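Beneath this line is the structure, given in structure tokens, with notes to follow.
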Amino acid sequence: MTEPLLRADGLSRAFGDVHAVDAVSFTLPEGGSLGIVGGSGSGKTTTARIVVGLEHADTGEVRVRGTVRPARTRGRAQRLARAREVQLVFQDPYLSLDPRSTVERALRETLRLHFPDRDPAPRVRELLDQVGLGTRAAEALPRQLSGGQRQRVAIAVEPAVLVLDEAVAALDVSVQAQILNLLADIREQTPVGYLFITHDLGVVRCVTDELLVMHRGRVVEAGATAEVLAAPRHPYTRLLLDSVPRPGWNPDRIAEARQRLMTAPAPPTATPRRQK
């Protein structure tokens, strides 16, 4: 069998008595798109931080193309190798951009670090074209760009896996659509795999193939995105769907259902649905 692009096996992370992530496992194929959804405190962001390497797992491991990502790196070469494998796109990309560097300079420095034997100039132009930015944006500082433009800069990298943590949550709806269309185009043109961390079911419905639903640190439902959203099996998944405002929506009833779930015993870890 072909090794998946990304594999997480039995990831667990505790902070004191709180099990933020509890036995989480999943795979992401090359060119695939996996969504992880859940409310605040569900463990989805901690899972993403473990995958990227910003947090270490107490147990479990992450593999990229069959190779285990070490919990800690030693030396510049190992750090650069990790960065080439997995990149994180933040909700606010301004935090990940140097406010003193123009877009072109930032991309040149990134490419020079990862590929020191290449002339970065041609690839910088290709990357800017790929994400729909031109010469004018290349010469701008981050503060001179819109939120959507800054997010395009953050996406203009060449990792194996792109982890998007609420990456479109802070954008206007029309700009969200532009960024999601851009990600779809990049996915068609490259083998990059996407890991979407979000609370927005509309986003995962549009851009993911597979879906994990997390609650209190555990995966409570997993399967094809369309199937999970059309016929949810777990009460928490149904609660997430019912929480989307619509005609007849009753916020008091949703709050009561959420309280019952939060005080119920910890949920069992789900197994993925079998493909029909």
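Letters A, B, ... go to the chains of the structure tokens in the order shown; residues in each chain start at 1; ligands are counted from 1 in the same order.
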
- Item | Per-residue DSSP, stretch 102-229 of chain A, filtered to strand (DSSP E), as a ChimeraX atom specification | /A:161-165,193-198,210-215,218-224

- Query: Which neighbours of stretch 130-144 of chain A fall inside 9 Å, counting only C-alpha atoms, when residues of the same chain fewer than 5 positions from it are skipped, and could you give them as a ChimeraX atom specification?
  - Reply: /A:94,97-105,125,149-150,152-153,155-156,179,182-183,185-186

- Message: Can you pull out every residue from stretch 100-137 of chain A that DSSP, working from the backbone, puts in helix (DSSP H, G or I), and format the result as a ChimeraX atom specification?
- Response: /A:103-114,120-130,135-137

Residues as selected, N, CA and C atoms, written as an mmCIF file, in the first residue's frame, can you do that?
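Result went into out.cif, see below:
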data_model
loop_
_atom_site.group_PDB
_atom_site.id
_atom_site.type_symbol
_atom_site.label_atom_id
_atom_site.label_comp_id
_atom_site.auth_asym_id
_atom_site.auth_seq_id
_atom_site.Cartn_x
_atom_site.Cartn_y
_atom_site.Cartn_z
ATOM 1 N N VAL A 103 6.913 41.898 0.689
ATOM 2 C CA VAL A 103 6.478 40.555 0.327
ATOM 3 C C VAL A 103 7.571 39.838 -0.461
ATOM 4 N N GLU A 104 8.144 40.515 -1.447
ATOM 5 C CA GLU A 104 9.173 39.876 -2.279
ATOM 6 C C GLU A 104 10.388 39.473 -1.446
ATOM 7 N N ARG A 105 10.804 40.352 -0.545
ATOM 8 C CA ARG A 105 11.965 40.030 0.283
ATOM 9 C C ARG A 105 11.683 38.833 1.184
ATOM 10 N N ALA A 106 10.488 38.786 1.764
ATOM 11 C CA ALA A 106 10.130 37.666 2.637
ATOM 12 C C ALA A 106 10.148 36.347 1.876
ATOM 13 N N LEU A 107 9.586 36.339 0.665
ATOM 14 C CA LEU A 107 9.581 35.110 -0.129
ATOM 15 C C LEU A 107 10.991 34.736 -0.574
ATOM 16 N N ARG A 108 11.792 35.731 -0.950
ATOM 17 C CA ARG A 108 13.171 35.450 -1.354
ATOM 18 C C ARG A 108 13.950 34.798 -0.203
ATOM 19 N N GLU A 109 13.797 35.339 0.998
ATOM 20 C CA GLU A 109 14.536 34.800 2.145
ATOM 21 C C GLU A 109 14.077 33.381 2.464
ATOM 22 N N THR A 110 12.765 33.150 2.359
ATOM 23 C CA THR A 110 12.249 31.807 2.624
ATOM 24 C C THR A 110 12.806 30.805 1.617
ATOM 25 N N LEU A 111 12.761 31.160 0.333
ATOM 26 C CA LEU A 111 13.262 30.256 -0.703
ATOM 27 C C LEU A 111 14.773 30.060 -0.576
ATOM 28 N N ARG A 112 15.495 31.098 -0.206
ATOM 29 C CA ARG A 112 16.946 30.977 -0.080
ATOM 30 C C ARG A 112 17.318 30.046 1.067
ATOM 31 N N LEU A 113 16.537 30.080 2.141
ATOM 32 C CA LEU A 113 16.798 29.179 3.260
ATOM 33 C C LEU A 113 16.556 27.722 2.870
ATOM 34 N N HIS A 114 15.435 27.491 2.170
ATOM 35 C CA HIS A 114 15.072 26.113 1.836
ATOM 36 C C HIS A 114 15.838 25.569 0.641
ATOM 37 N N PRO A 120 16.317 32.512 -6.372
ATOM 38 C CA PRO A 120 14.916 32.593 -5.931
ATOM 39 C C PRO A 120 14.035 33.487 -6.794
ATOM 40 N N ALA A 121 14.634 34.388 -7.572
ATOM 41 C CA ALA A 121 13.838 35.399 -8.280
ATOM 42 C C ALA A 121 12.758 34.808 -9.184
ATOM 43 N N PRO A 122 13.083 33.839 -10.073
ATOM 44 C CA PRO A 122 12.028 33.292 -10.939
ATOM 45 C C PRO A 122 10.896 32.636 -10.151
ATOM 46 N N ARG A 123 11.258 31.902 -9.068
ATOM 47 C CA ARG A 123 10.227 31.202 -8.295
ATOM 48 C C ARG A 123 9.365 32.184 -7.518
ATOM 49 N N VAL A 124 9.938 33.304 -7.071
ATOM 50 C CA VAL A 124 9.139 34.325 -6.375
ATOM 51 C C VAL A 124 8.040 34.824 -7.294
ATOM 52 N N ARG A 125 8.392 35.117 -8.540
ATOM 53 C CA ARG A 125 7.389 35.607 -9.492
ATOM 54 C C ARG A 125 6.321 34.549 -9.742
ATOM 55 N N GLU A 126 6.745 33.266 -9.846
ATOM 56 C CA GLU A 126 5.774 32.184 -10.067
ATOM 57 C C GLU A 126 4.814 32.063 -8.890
ATOM 58 N N LEU A 127 5.353 32.142 -7.669
ATOM 59 C CA LEU A 127 4.513 32.016 -6.486
ATOM 60 C C LEU A 127 3.522 33.170 -6.382
ATOM 61 N N LEU A 128 3.978 34.375 -6.667
ATOM 62 C CA LEU A 128 3.080 35.521 -6.618
ATOM 63 C C LEU A 128 1.971 35.398 -7.654
ATOM 64 N N ASP A 129 2.313 34.940 -8.840
ATOM 65 C CA ASP A 129 1.292 34.719 -9.877
ATOM 66 C C ASP A 129 0.324 33.627 -9.443
ATOM 67 N N GLN A 130 0.868 32.586 -8.822
ATOM 68 C CA GLN A 130 0.045 31.452 -8.417
ATOM 69 C C GLN A 130 -1.031 31.853 -7.414
ATOM 70 N N THR A 135 3.273 42.571 -9.178
ATOM 71 C CA THR A 135 4.464 43.337 -8.820
ATOM 72 C C THR A 135 4.180 44.367 -7.732
ATOM 73 N N ARG A 136 3.021 45.000 -7.795
ATOM 74 C CA ARG A 136 2.688 46.032 -6.816
ATOM 75 C C ARG A 136 2.650 45.462 -5.398
ATOM 76 N N ALA A 137 2.035 44.293 -5.257
ATOM 77 C CA ALA A 137 1.974 43.654 -3.940
ATOM 78 C C ALA A 137 3.357 43.185 -3.499
#

- Contact residues around stretch 34-45 of chain A with only C-alpha atoms at 9 Å, ignoring same-chain residues under 6 positions, as number ranges by chain: A: 19-22, 27-28, 165, 193-201, 203-205, 207-218, 225, 236-237, 240

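The space separating atom CA of A:Ala167 from atom CA of A:Pro235 comes to 26.8 Å.
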
- Work out how far apart atom CA of A:Arg260 and atom CA of A:Glu227 are and give it in Å to one decimal. 25.3 Å

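In this comparison, which uses only C-alpha atoms, the residue of A:His234, A:Arg187, A:Arg7, A:Arg118 approaching A:Arg63 most closely is A:Arg7.
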